[in-house]
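Asks: Pasting a structure below so you can have a look.
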Amino acid sequence: MPALFTPPDHFRELTRAEIFPDPARPLEVDLGCGDGTFLTGMAAHHPERDFLGVERMLGRVIKTGRKIDNQQLPNARIMRLESAYTVGWLLPTSGVSRLHLLCPDPWPKKGHTARRLVNQSEFLDGLHRILTDGGEFLLKTDDQPYFEDALASFATREHQFTRLDWPADAFFYPTTDFETDWLHMGRTIHRARWQKIGR
């Protein structure tokens with residue numbers, strides 16, 4: 001199975017089996033996966049789960065695909081596509097057990113805040129659609145305003161999501177390339193974890 005996943009049709013919802021052959025296995029999505037450090041780290045640590053990376057930048061997609069191939073990870077794939085569309089329209093309903101949004105573009109300019117994923121109804125509605133009952137959304141960012149926007153957005157959706165504790169040692173969770181750089185610069189990493197409430 002090739003590391004690069006190209007949807008057979010970009011204009012309809014995928015089935016779980018189109019992404020990985022066994023739909024009974026948990027599927028986790030790394031949205032905006034960068035150079036694939038987190039994606040491949042998780043796939044190597046959890047061979048019983050499947051991992052799909054989503055990345056818009058071609059160079060990063062190629063680099064991640066090489067990492068997957070070099071590490072021989074049959075449970076990891078990378079797809080080149082825009083994040084909001086992927087979540088809003090393409091990923092299968094109730095098909096994702098965990099979605100990771102790590103170090104997203106903060107869109108720091110005041111006029112650009114609507115571009116933040118956590119402020120977009122397309123993304124939030126899609127997130128609720130694609131997560132399994134009890135599925136989780138995990139966010140990490142060094143940008144305080146972005147983090148505050150996320151908290152505010154999910155506070156308006158308490159009927160759909162409940163916030164969970166996330167202690168630093170709760171479970172295996174490798175750092176991304178961006179997070180490693182930020183930690184070396186002394187920045188604070190904000191994190192939050194939400195669980196989908198059953199229908």
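How things are named: the first chain in the structure tokens is A, the next is B, and so on; residues count from 1 in each chain; ligands count from 1 in the order shown.
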Return as a ChimeraX atom specification the full set of residues in range 12-169 of chain A whose backbone-based DSSP assignment is strand (DSSP E).
Replies: /A:27-31,50-55,76-80,96-102,131-141,161-164
Asks: Do you have, as a tab-separated table, the list of residues of range 120-175 of chain A lying at most 8 Å from range 20-43 of chain A, each with its nearest atom pair and that distance in Å to one decimal, counting only C-alpha atoms and ordered by chain then number?
Replies:
```
residue	atom	partner	partner_atom	distance
A:Tyr173	CA	A:Met42	CA	7.3
A:Pro174	CA	A:Phe38	CA	5.7
A:Thr175	CA	A:Phe38	CA	6.2
```
Asks: Taking into account only C-alpha atoms, which residue in the set A:Ala17, A:Lys140, A:Asp69, A:Asp9 is nearest to Ile189 in chain A?
Replies: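 Closest residue, counting only C-alpha atoms: A:Lys140.
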Asks: Would you please give, as JSON, numbers by chain, all residues of range 69-185 of chain A that DSSP assigns to helix (DSSP H, G or I) based on the backbone?
Replies: {"A": [69, 70, 83, 84, 85, 86, 87, 88, 89, 90, 110, 111, 112, 113, 114, 115, 117, 118, 119, 121, 122, 123, 124, 125, 126, 127, 128, 129, 130, 144, 145, 146, 147, 148, 149, 150, 151, 152, 153, 154, 155, 177, 178, 179, 180, 181, 182, 183, 184]}
Asks: Dump C-alpha atoms for the selected residues as a PDB file, in the first residue's frame?
Replies:
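Result file is selection_32.pdb:
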```pdb
ATOM      1  CA  ASP A  69       8.437   4.291   3.495  1.00  0.00           C
ATOM      2  CA  ASN A  70      11.848   4.331   5.192  1.00  0.00           C
ATOM      3  CA  SER A  83      -7.539  20.800   6.313  1.00  0.00           C
ATOM      4  CA  ALA A  84     -10.965  22.439   6.646  1.00  0.00           C
ATOM      5  CA  TYR A  85     -12.280  20.771   3.491  1.00  0.00           C
ATOM      6  CA  THR A  86     -10.908  17.392   4.526  1.00  0.00           C
ATOM      7  CA  VAL A  87     -12.679  17.520   7.884  1.00  0.00           C
ATOM      8  CA  GLY A  88     -15.800  19.258   6.671  1.00  0.00           C
ATOM      9  CA  TRP A  89     -16.565  17.100   3.658  1.00  0.00           C
ATOM     10  CA  LEU A  90     -14.156  14.265   2.874  1.00  0.00           C
ATOM     11  CA  LYS A 110      -6.554  40.756  13.481  1.00  0.00           C
ATOM     12  CA  GLY A 111      -8.323  40.589  10.139  1.00  0.00           C
ATOM     13  CA  HIS A 112      -7.360  36.936   9.642  1.00  0.00           C
ATOM     14  CA  THR A 113      -8.762  35.374  12.826  1.00  0.00           C
ATOM     15  CA  ALA A 114     -11.759  33.965  10.932  1.00  0.00           C
ATOM     16  CA  ARG A 115      -9.303  31.735   9.052  1.00  0.00           C
ATOM     17  CA  LEU A 117      -9.800  26.355  12.009  1.00  0.00           C
ATOM     18  CA  VAL A 118     -11.268  26.531  15.497  1.00  0.00           C
ATOM     19  CA  ASN A 119     -13.340  29.559  14.416  1.00  0.00           C
ATOM     20  CA  SER A 121     -18.251  26.206  11.459  1.00  0.00           C
ATOM     21  CA  GLU A 122     -17.224  23.995   8.531  1.00  0.00           C
ATOM     22  CA  PHE A 123     -14.420  22.553  10.628  1.00  0.00           C
ATOM     23  CA  LEU A 124     -16.328  22.278  13.921  1.00  0.00           C
ATOM     24  CA  ASP A 125     -19.417  20.715  12.330  1.00  0.00           C
ATOM     25  CA  GLY A 126     -17.201  18.352  10.360  1.00  0.00           C
ATOM     26  CA  LEU A 127     -15.225  17.413  13.463  1.00  0.00           C
ATOM     27  CA  HIS A 128     -18.406  16.364  15.251  1.00  0.00           C
ATOM     28  CA  ARG A 129     -19.519  14.407  12.187  1.00  0.00           C
ATOM     29  CA  ILE A 130     -16.302  12.454  11.630  1.00  0.00           C
ATOM     30  CA  GLN A 144      -2.378  32.253  23.328  1.00  0.00           C
ATOM     31  CA  PRO A 145      -5.069  34.038  21.253  1.00  0.00           C
ATOM     32  CA  TYR A 146      -5.551  30.910  19.115  1.00  0.00           C
ATOM     33  CA  PHE A 147      -5.897  28.807  22.248  1.00  0.00           C
ATOM     34  CA  GLU A 148      -8.415  31.239  23.730  1.00  0.00           C
ATOM     35  CA  ASP A 149     -10.424  31.146  20.492  1.00  0.00           C
ATOM     36  CA  ALA A 150     -10.505  27.346  20.698  1.00  0.00           C
ATOM     37  CA  LEU A 151     -11.748  27.412  24.285  1.00  0.00           C
ATOM     38  CA  ALA A 152     -14.443  29.942  23.365  1.00  0.00           C
ATOM     39  CA  SER A 153     -15.581  27.975  20.300  1.00  0.00           C
ATOM     40  CA  PHE A 154     -15.894  24.687  22.168  1.00  0.00           C
ATOM     41  CA  ALA A 155     -17.661  26.419  25.062  1.00  0.00           C
ATOM     42  CA  ASP A 177       9.106  19.511  14.766  1.00  0.00           C
ATOM     43  CA  PHE A 178       7.493  22.902  15.411  1.00  0.00           C
ATOM     44  CA  GLU A 179       6.835  22.148  19.077  1.00  0.00           C
ATOM     45  CA  THR A 180      10.441  21.089  19.600  1.00  0.00           C
ATOM     46  CA  ASP A 181      11.633  24.399  18.121  1.00  0.00           C
ATOM     47  CA  TRP A 182       9.232  26.409  20.281  1.00  0.00           C
ATOM     48  CA  LEU A 183      10.249  24.622  23.466  1.00  0.00           C
ATOM     49  CA  HIS A 184      13.898  25.372  22.720  1.00  0.00           C
TER      50      HIS A 184
END
```
Asks: Would you please work out which residue, of A:Phe51, A:Phe137, A:Phe161, A:Met79, is nearest to Pro8 in chain A when using only C-alpha atoms?
Replies: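 Closest candidate: A:Met79.
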Asks: Just checking: using only C-alpha atoms, which residue out of A:Leu99, A:Ala192, A:Ala3, A:Leu138 ends up closest to Lys63 in chain A?
Replies: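 Among the listed residues, the smallest separation from Lys63 in chain A belongs to A:Ala3.
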Asks: For Arg66 in chain A, which of A:Cys103, A:Arg16, A:Ile78, A:Ser94 is the closest residue, counting only C-alpha atoms?
Replies: A:Ile78
Asks: Given the choices A:Gly95, A:His100, A:Asp105, A:Asp142, which gets closest to Arg56 in chain A if the distance is worked out from only C-alpha atoms?
Replies: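 Among the listed residues, the smallest separation from Arg56 in chain A belongs to A:Asp105.
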Asks: How far is it from CA of Lys67 in chain A to CA of Val96 in chain A, in Å with one decimal?
Replies: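 Spanning CA of Lys67 in chain A to CA of Val96 in chain A is a straight-line distance of 22.8 Å.
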